[in-house]
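Student: This is the structure, below, for whatever I ask next.
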Amino acid sequence: MVDQIQNIFNQSIGVKQMVVNDPDLLEKIDISIQRITSALKAGNKILFCGNGGSAADAQHLSAEFTGRFYLDRKPLPAEALHTNTSYLTAVANDYGYDFVYARLLEGIGKPGDVLVSLSTSGNSKNILFAMEKAKEMGILNIAFTGATGGEMKSLADILINVPSTDTPRIQESHMMIGHTICQIVEKNLV
């Protein structure tokens with residue numbers, strides 16, 4: 001059993017080492033930090049979306065911005081688009097689940113905001129529709145995906161594609177990258 005645990009930990013570490021050793025990916029993370037910092041300084045907000053575990057990660061990262069990360073500071077405007085269950089179930093029922101994010105984005109998003117979409121496959125239809133809506137509205141698209149980027153690759157302004165096809169390892173790296181972004185953005189703003 002200990003061997004299995006070590007193997008899983010080593011796989012996770014291996015994916016993170018690939019991220020750390022990829023200068024192009026690090027540059028995209030740096031650009032994301034700069035763009036999010038600029039958006040927040042300009043009075044815009046950060047919106048997050050994902051499905052399943054990625055929805056939990058989106059909500060977690062949103063909370064890091066609105067609550068606090070390391071520093072005691074004013075809350076930063078961020079929201080996970082799936083947290084209003086009455087809205088989510090009504091729109092899913094009336095329009096279809098594919099439109100739950102795009103419709104809310106249209107209602108609360110504005111030019112200059114940032115949409116951070118998380119999908120390990122990069123092929124979630126509801127996220128693709130949200131990213132299309134973001135493009136129409138002048139909202140920056142930052143996509144967190146797995147190795148290929150999936151269909152999100154063509155819609156992303158910034159593609160942060162973790163070099164793995166293993167869903168749990170991708171999600172672990174998404175959180176590492178998301179926490180890094182939160183920490184540096186927070187430092188930039190305080």
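Chain labels A, B, ... are given in the sequence in which chains occur in the structure tokens; within each chain residues are numbered consecutively from 1, and ligands are likewise numbered from 1 in the order shown.
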Could you tell me, as a ChimeraX atom specification, which residues of stretch 94-140 of chain A DSSP assigns to strand (DSSP E or B) when given the backbone?

Tutor: /A:114-118,140

Student: Under the rule of at most 6 Å, produce a per-residue listing of stretch 67-186 of chain A near stretch 45-54 of chain A: chain, number, name, the closest pair of atoms, and the distance in Å, as a Markdown table, using only C-alpha atoms.

Tutor:
```
| residue | atom | partner | partner_atom | distance |
| --- | --- | --- | --- | --- |
| A:Pro77 | CA | A:Lys45 | CA | 4.9 |
| A:Ala78 | CA | A:Ile46 | CA | 4.5 |
| A:Glu79 | CA | A:Leu47 | CA | 5.0 |
| A:Ala80 | CA | A:Phe48 | CA | 4.6 |
| A:Leu81 | CA | A:Cys49 | CA | 5.6 |
| A:Asp113 | CA | A:Lys45 | CA | 5.1 |
| A:Val114 | CA | A:Ile46 | CA | 4.8 |
| A:Leu115 | CA | A:Leu47 | CA | 4.8 |
| A:Val116 | CA | A:Phe48 | CA | 4.8 |
| A:Ser117 | CA | A:Cys49 | CA | 5.0 |
| A:Leu118 | CA | A:Gly50 | CA | 4.9 |
```

Student: Mind writing the picked residues with C-alpha atoms as a PDB file, in the first residue's frame?

Tutor:
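Dumped everything to out.pdb:
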```pdb
ATOM      1  CA  PRO A  77     -14.162  40.930  -6.976  1.00  0.00           C
ATOM      2  CA  ALA A  78     -14.349  37.305  -8.070  1.00  0.00           C
ATOM      3  CA  GLU A  79     -17.164  34.814  -8.485  1.00  0.00           C
ATOM      4  CA  ALA A  80     -17.634  31.180  -9.427  1.00  0.00           C
ATOM      5  CA  LEU A  81     -20.502  31.116 -11.917  1.00  0.00           C
ATOM      6  CA  ASP A 113     -13.430  41.249 -16.925  1.00  0.00           C
ATOM      7  CA  VAL A 114     -11.531  37.945 -16.946  1.00  0.00           C
ATOM      8  CA  LEU A 115     -13.100  34.505 -17.377  1.00  0.00           C
ATOM      9  CA  VAL A 116     -11.020  31.653 -15.971  1.00  0.00           C
ATOM     10  CA  SER A 117     -12.355  28.339 -17.288  1.00  0.00           C
ATOM     11  CA  LEU A 118     -11.194  25.021 -15.870  1.00  0.00           C
TER      12      LEU A 118
END
```

Student: Any chance you could tabulate, as a Markdown table, the residues of stretch 8-126 of chain A at most 10 Å from stretch 161-164 of chain A with each one's nearest atom pair and distance in Å to one decimal, using only C-alpha atoms, in chain and rising number order?

Tutor:
```
| residue | atom | partner | partner_atom | distance |
| --- | --- | --- | --- | --- |
| A:Ser12 | CA | A:Ser164 | CA | 9.9 |
| A:Gly14 | CA | A:Ser164 | CA | 9.8 |
| A:Val15 | CA | A:Pro163 | CA | 6.7 |
| A:Lys16 | CA | A:Val162 | CA | 8.5 |
| A:Gln17 | CA | A:Pro163 | CA | 10.0 |
| A:Met18 | CA | A:Pro163 | CA | 6.9 |
| A:Val19 | CA | A:Val162 | CA | 6.7 |
| A:Asp22 | CA | A:Pro163 | CA | 9.2 |
| A:Leu25 | CA | A:Asn161 | CA | 7.6 |
| A:Lys28 | CA | A:Asn161 | CA | 9.6 |
| A:Ser119 | CA | A:Asn161 | CA | 9.7 |
| A:Thr120 | CA | A:Val162 | CA | 8.6 |
| A:Ser121 | CA | A:Asn161 | CA | 9.8 |
| A:Gly122 | CA | A:Asn161 | CA | 9.0 |
```

Student: Would you save the residues of that selection, restricted to all heavy atoms, as an mmCIF file, in the first residue's frame?

Tutor:
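See part_34.cif below for the written result:
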```cif
data_model
loop_
_atom_site.group_PDB
_atom_site.id
_atom_site.type_symbol
_atom_site.label_atom_id
_atom_site.label_comp_id
_atom_site.auth_asym_id
_atom_site.auth_seq_id
_atom_site.Cartn_x
_atom_site.Cartn_y
_atom_site.Cartn_z
ATOM 1 N N SER A 12 2.226 12.888 -9.265
ATOM 2 C CA SER A 12 1.820 14.282 -9.087
ATOM 3 C C SER A 12 3.032 15.206 -9.143
ATOM 4 O O SER A 12 3.007 16.244 -9.818
ATOM 5 C CB SER A 12 1.075 14.450 -7.765
ATOM 6 O OG SER A 12 0.626 15.781 -7.600
ATOM 7 N N GLY A 14 5.824 14.595 -10.604
ATOM 8 C CA GLY A 14 6.349 14.566 -11.968
ATOM 9 C C GLY A 14 5.642 15.551 -12.885
ATOM 10 O O GLY A 14 6.291 16.246 -13.680
ATOM 11 N N VAL A 15 4.317 15.621 -12.789
ATOM 12 C CA VAL A 15 3.569 16.571 -13.624
ATOM 13 C C VAL A 15 3.944 17.998 -13.224
ATOM 14 O O VAL A 15 4.180 18.853 -14.091
ATOM 15 C CB VAL A 15 2.045 16.342 -13.505
ATOM 16 C CG1 VAL A 15 1.270 17.454 -14.208
ATOM 17 C CG2 VAL A 15 1.671 14.984 -14.071
ATOM 18 N N LYS A 16 4.038 18.266 -11.945
ATOM 19 C CA LYS A 16 4.399 19.611 -11.489
ATOM 20 C C LYS A 16 5.816 19.979 -11.918
ATOM 21 O O LYS A 16 6.080 21.132 -12.266
ATOM 22 C CB LYS A 16 4.220 19.708 -9.975
ATOM 23 C CG LYS A 16 2.755 19.662 -9.586
ATOM 24 C CD LYS A 16 2.560 19.566 -8.100
ATOM 25 C CE LYS A 16 1.078 19.458 -7.800
ATOM 26 N NZ LYS A 16 0.815 19.008 -6.459
ATOM 27 N N GLN A 17 6.716 19.001 -11.943
ATOM 28 C CA GLN A 17 8.074 19.275 -12.430
ATOM 29 C C GLN A 17 8.054 19.625 -13.919
ATOM 30 O O GLN A 17 8.809 20.494 -14.364
ATOM 31 C CB GLN A 17 8.995 18.073 -12.173
ATOM 32 C CG GLN A 17 9.407 17.950 -10.724
ATOM 33 C CD GLN A 17 10.252 16.715 -10.447
ATOM 34 O OE1 GLN A 17 10.086 15.670 -11.063
ATOM 35 N NE2 GLN A 17 11.154 16.847 -9.492
ATOM 36 N N MET A 18 7.174 18.969 -14.676
ATOM 37 C CA MET A 18 7.058 19.320 -16.096
ATOM 38 C C MET A 18 6.556 20.751 -16.258
ATOM 39 O O MET A 18 7.003 21.468 -17.153
ATOM 40 C CB MET A 18 6.146 18.331 -16.829
ATOM 41 C CG MET A 18 6.786 16.967 -17.063
ATOM 42 S SD MET A 18 5.822 15.902 -18.160
ATOM 43 C CE MET A 18 4.495 15.364 -17.077
ATOM 44 N N VAL A 19 5.625 21.172 -15.398
ATOM 45 C CA VAL A 19 5.132 22.552 -15.442
ATOM 46 C C VAL A 19 6.282 23.511 -15.143
ATOM 47 O O VAL A 19 6.515 24.480 -15.876
ATOM 48 C CB VAL A 19 3.961 22.764 -14.447
ATOM 49 C CG1 VAL A 19 3.618 24.246 -14.315
ATOM 50 C CG2 VAL A 19 2.736 21.963 -14.867
ATOM 51 N N ASP A 22 8.783 24.063 -18.008
ATOM 52 C CA ASP A 22 8.249 24.462 -19.309
ATOM 53 C C ASP A 22 8.227 25.994 -19.378
ATOM 54 O O ASP A 22 7.296 26.634 -18.868
ATOM 55 C CB ASP A 22 6.850 23.886 -19.491
ATOM 56 C CG ASP A 22 6.250 24.178 -20.856
ATOM 57 O OD1 ASP A 22 6.649 25.165 -21.508
ATOM 58 O OD2 ASP A 22 5.358 23.414 -21.270
ATOM 59 N N LEU A 25 4.938 27.597 -20.705
ATOM 60 C CA LEU A 25 3.823 27.514 -19.760
ATOM 61 C C LEU A 25 4.014 28.521 -18.622
ATOM 62 O O LEU A 25 3.065 29.209 -18.225
ATOM 63 C CB LEU A 25 3.692 26.086 -19.222
ATOM 64 C CG LEU A 25 2.457 25.738 -18.422
ATOM 65 C CD1 LEU A 25 1.177 26.131 -19.143
ATOM 66 C CD2 LEU A 25 2.448 24.254 -18.093
ATOM 67 N N LYS A 28 3.023 31.901 -19.830
ATOM 68 C CA LYS A 28 1.566 32.068 -19.882
ATOM 69 C C LYS A 28 0.995 32.336 -18.490
ATOM 70 O O LYS A 28 0.065 33.137 -18.339
ATOM 71 C CB LYS A 28 0.914 30.831 -20.492
ATOM 72 C CG LYS A 28 1.218 30.661 -21.968
ATOM 73 C CD LYS A 28 0.649 29.351 -22.463
ATOM 74 C CE LYS A 28 1.066 29.050 -23.883
ATOM 75 N NZ LYS A 28 0.570 27.734 -24.334
ATOM 76 N N SER A 119 -11.140 23.003 -17.216
ATOM 77 C CA SER A 119 -11.647 21.754 -17.774
ATOM 78 C C SER A 119 -10.452 20.860 -18.101
ATOM 79 O O SER A 119 -9.592 21.266 -18.891
ATOM 80 C CB SER A 119 -12.463 22.016 -19.038
ATOM 81 O OG SER A 119 -12.782 20.805 -19.704
ATOM 82 N N THR A 120 -10.407 19.681 -17.529
ATOM 83 C CA THR A 120 -9.262 18.807 -17.780
ATOM 84 C C THR A 120 -9.223 18.351 -19.234
ATOM 85 O O THR A 120 -8.155 18.231 -19.823
ATOM 86 C CB THR A 120 -9.268 17.584 -16.840
ATOM 87 O OG1 THR A 120 -10.483 16.865 -17.000
ATOM 88 C CG2 THR A 120 -9.109 18.022 -15.392
ATOM 89 N N SER A 121 -10.389 18.142 -19.844
ATOM 90 C CA SER A 121 -10.439 17.706 -21.242
ATOM 91 C C SER A 121 -10.350 18.880 -22.208
ATOM 92 O O SER A 121 -9.884 18.737 -23.333
ATOM 93 C CB SER A 121 -11.742 16.941 -21.525
ATOM 94 O OG SER A 121 -12.860 17.820 -21.498
ATOM 95 N N GLY A 122 -10.862 20.035 -21.766
ATOM 96 C CA GLY A 122 -10.936 21.193 -22.649
ATOM 97 C C GLY A 122 -12.104 21.124 -23.610
ATOM 98 O O GLY A 122 -12.169 21.900 -24.560
#
```

Student: Between A:Met175, A:Ile127, A:Ile36, A:Leu88, which one has atoms that come closest to A:Ala102, using only C-alpha atoms?

Tutor: A:Ile127

Student: So, counting only C-alpha atoms, which residue among A:Gln183, A:Ile139, A:Ala147, A:Tyr95 is closest to A:Thr165?

Tutor: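 Result for the nearest residue to A:Thr165: A:Ala147.
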
Student: Could you name the residues that touch stretch 152-158 of chain A at 7 Å or less, counting only C-alpha atoms, but leaving out those on the same chain fewer than 6 positions away, as an mmCIF file with all heavy atoms, in the first residue's frame?

Tutor:
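Result written to around00.cif:
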```cif
data_model
loop_
_atom_site.group_PDB
_atom_site.id
_atom_site.type_symbol
_atom_site.label_atom_id
_atom_site.label_comp_id
_atom_site.auth_asym_id
_atom_site.auth_seq_id
_atom_site.Cartn_x
_atom_site.Cartn_y
_atom_site.Cartn_z
ATOM 1 N N LYS A 28 3.023 31.901 -19.830
ATOM 2 C CA LYS A 28 1.566 32.068 -19.882
ATOM 3 C C LYS A 28 0.995 32.336 -18.490
ATOM 4 O O LYS A 28 0.065 33.137 -18.339
ATOM 5 C CB LYS A 28 0.914 30.831 -20.492
ATOM 6 C CG LYS A 28 1.218 30.661 -21.968
ATOM 7 C CD LYS A 28 0.649 29.351 -22.463
ATOM 8 C CE LYS A 28 1.066 29.050 -23.883
ATOM 9 N NZ LYS A 28 0.570 27.734 -24.334
ATOM 10 N N GLY A 122 -10.862 20.035 -21.766
ATOM 11 C CA GLY A 122 -10.936 21.193 -22.649
ATOM 12 C C GLY A 122 -12.104 21.124 -23.610
ATOM 13 O O GLY A 122 -12.169 21.900 -24.560
ATOM 14 N N ASN A 123 -13.054 20.223 -23.357
ATOM 15 C CA ASN A 123 -14.146 20.008 -24.309
ATOM 16 C C ASN A 123 -15.541 20.173 -23.715
ATOM 17 O O ASN A 123 -16.517 19.780 -24.347
ATOM 18 C CB ASN A 123 -14.019 18.606 -24.926
ATOM 19 C CG ASN A 123 -12.770 18.476 -25.760
ATOM 20 O OD1 ASN A 123 -12.412 19.356 -26.523
ATOM 21 N ND2 ASN A 123 -12.082 17.357 -25.604
ATOM 22 N N LEU A 128 -17.313 25.953 -23.295
ATOM 23 C CA LEU A 128 -17.049 26.467 -24.648
ATOM 24 C C LEU A 128 -18.024 27.585 -24.998
ATOM 25 O O LEU A 128 -17.619 28.624 -25.547
ATOM 26 C CB LEU A 128 -17.136 25.339 -25.674
ATOM 27 C CG LEU A 128 -16.043 24.277 -25.572
ATOM 28 C CD1 LEU A 128 -16.394 23.060 -26.433
ATOM 29 C CD2 LEU A 128 -14.695 24.840 -25.955
ATOM 30 N N MET A 131 -16.998 30.671 -23.126
ATOM 31 C CA MET A 131 -15.820 31.296 -23.723
ATOM 32 C C MET A 131 -16.179 32.040 -25.011
ATOM 33 O O MET A 131 -15.644 33.118 -25.274
ATOM 34 C CB MET A 131 -14.737 30.242 -23.969
ATOM 35 C CG MET A 131 -14.141 29.685 -22.676
ATOM 36 S SD MET A 131 -12.922 28.383 -22.973
ATOM 37 C CE MET A 131 -11.551 29.365 -23.615
ATOM 38 N N GLU A 132 -17.100 31.484 -25.791
ATOM 39 C CA GLU A 132 -17.570 32.184 -26.989
ATOM 40 C C GLU A 132 -18.258 33.492 -26.608
ATOM 41 O O GLU A 132 -18.034 34.535 -27.234
ATOM 42 C CB GLU A 132 -18.519 31.293 -27.793
ATOM 43 C CG GLU A 132 -17.833 30.141 -28.498
ATOM 44 C CD GLU A 132 -18.794 29.143 -29.125
ATOM 45 O OE1 GLU A 132 -20.035 29.311 -28.995
ATOM 46 O OE2 GLU A 132 -18.294 28.178 -29.743
ATOM 47 N N LEU A 140 -11.577 38.711 -21.295
ATOM 48 C CA LEU A 140 -10.386 37.891 -21.496
ATOM 49 C C LEU A 140 -10.664 36.446 -21.101
ATOM 50 O O LEU A 140 -11.207 36.185 -20.030
ATOM 51 C CB LEU A 140 -9.224 38.440 -20.663
ATOM 52 C CG LEU A 140 -7.917 37.669 -20.748
ATOM 53 C CD1 LEU A 140 -7.247 37.897 -22.101
ATOM 54 C CD2 LEU A 140 -6.986 38.071 -19.614
ATOM 55 N N ASN A 141 -10.275 35.499 -21.953
ATOM 56 C CA ASN A 141 -10.431 34.065 -21.693
ATOM 57 C C ASN A 141 -9.102 33.448 -21.274
ATOM 58 O O ASN A 141 -8.166 33.375 -22.071
ATOM 59 C CB ASN A 141 -10.884 33.334 -22.969
ATOM 60 C CG ASN A 141 -12.373 33.346 -23.167
ATOM 61 O OD1 ASN A 141 -13.129 33.028 -22.248
ATOM 62 N ND2 ASN A 141 -12.810 33.691 -24.371
ATOM 63 N N ILE A 142 -9.036 32.998 -20.027
ATOM 64 C CA ILE A 142 -7.900 32.204 -19.565
ATOM 65 C C ILE A 142 -8.421 30.787 -19.357
ATOM 66 O O ILE A 142 -9.378 30.582 -18.608
ATOM 67 C CB ILE A 142 -7.296 32.752 -18.260
ATOM 68 C CG1 ILE A 142 -6.792 34.186 -18.468
ATOM 69 C CG2 ILE A 142 -6.164 31.840 -17.772
ATOM 70 C CD1 ILE A 142 -6.269 34.851 -17.205
ATOM 71 N N ALA A 143 -7.812 29.815 -20.036
ATOM 72 C CA ALA A 143 -8.275 28.432 -19.976
ATOM 73 C C ALA A 143 -7.246 27.557 -19.280
ATOM 74 O O ALA A 143 -6.076 27.539 -19.670
ATOM 75 C CB ALA A 143 -8.538 27.905 -21.383
#
```

Student: Excluding A:Leu76 and residues on its chain fewer than 3 positions from it, collect all residues at most 8 Å away from it, counting only C-alpha atoms, and give them as a PyMOL selection string.

Tutor: chain A and resi 40+45+65-67

Student: Please, could you write that set of residues out with N, CA, C and O atoms as a JSON list (two decimals), in the first residue's frame?

Tutor:
```
[["chain", "number", "residue", "atom", "x", "y", "z"],
["A", 40, "LEU", "N", -8.13, 43.80, -12.24],
["A", 40, "LEU", "CA", -8.59, 44.17, -10.90],
["A", 40, "LEU", "C", -8.27, 45.63, -10.59],
["A", 40, "LEU", "O", -9.09, 46.33, -10.01],
["A", 45, "LYS", "N", -13.67, 42.38, -12.69],
["A", 45, "LYS", "CA", -13.79, 41.21, -11.83],
["A", 45, "LYS", "C", -13.27, 39.96, -12.55],
["A", 45, "LYS", "O", -13.14, 39.94, -13.77],
["A", 65, "PHE", "N", -9.67, 34.90, -3.86],
["A", 65, "PHE", "CA", -9.67, 36.30, -4.25],
["A", 65, "PHE", "C", -10.61, 37.12, -3.37],
["A", 65, "PHE", "O", -10.26, 38.21, -2.93],
["A", 66, "THR", "N", -11.83, 36.62, -3.13],
["A", 66, "THR", "CA", -12.80, 37.42, -2.38],
["A", 66, "THR", "C", -12.55, 37.40, -0.88],
["A", 66, "THR", "O", -12.90, 38.35, -0.19],
["A", 67, "GLY", "N", -11.98, 36.32, -0.39],
["A", 67, "GLY", "CA", -11.65, 36.23, 1.03],
["A", 67, "GLY", "C", -10.29, 36.84, 1.28],
["A", 67, "GLY", "O", -10.14, 38.06, 1.38]]
```

Student: In terms of the shortest atom-to-atom distance over only C-alpha atoms, which of A:Asp30, A:Cys182, A:Met137, A:Asn188 is closest to A:Tyr70?

Tutor: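 Once distances to A:Tyr70 are computed over only C-alpha atoms, the minimum belongs to A:Cys182.
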
Student: Considering only C-alpha atoms, state which residue in the set A:Val2, A:Leu189, A:Met176, A:Ala130 is at the smallest distance from A:Val100.

Tutor: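 Checking each candidate against A:Val100, we get A:Ala130 as the closest.
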
Student: For atom CA of A:Val190 and atom CA of A:Asp72, quote the distance in Å rounded to one decimal.

Tutor: 9.0 Å

Student: According to DSSP computed on the backbone, where in chain A is there alpha helix (DSSP H)? Give the residues as a PyMOL selection string.

Tutor: chain A and resi 2-20+23-41+53-66+85-94+100-108+125-137+167-189

Student: Counting only C-alpha atoms, which residue out of A:Val20, A:Asn126, A:Met1, A:Gly138 sits closest to A:Asn44?

Tutor: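 Closest to A:Asn44, using only C-alpha atoms: A:Gly138.
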
Student: Let me make sure I understand: among A:Ala56, A:Ala90, A:Ala39, A:Ile160, which one has the smallest atom-to-atom distance to A:Pro23 if we use only C-alpha atoms?

Tutor: A:Ile160
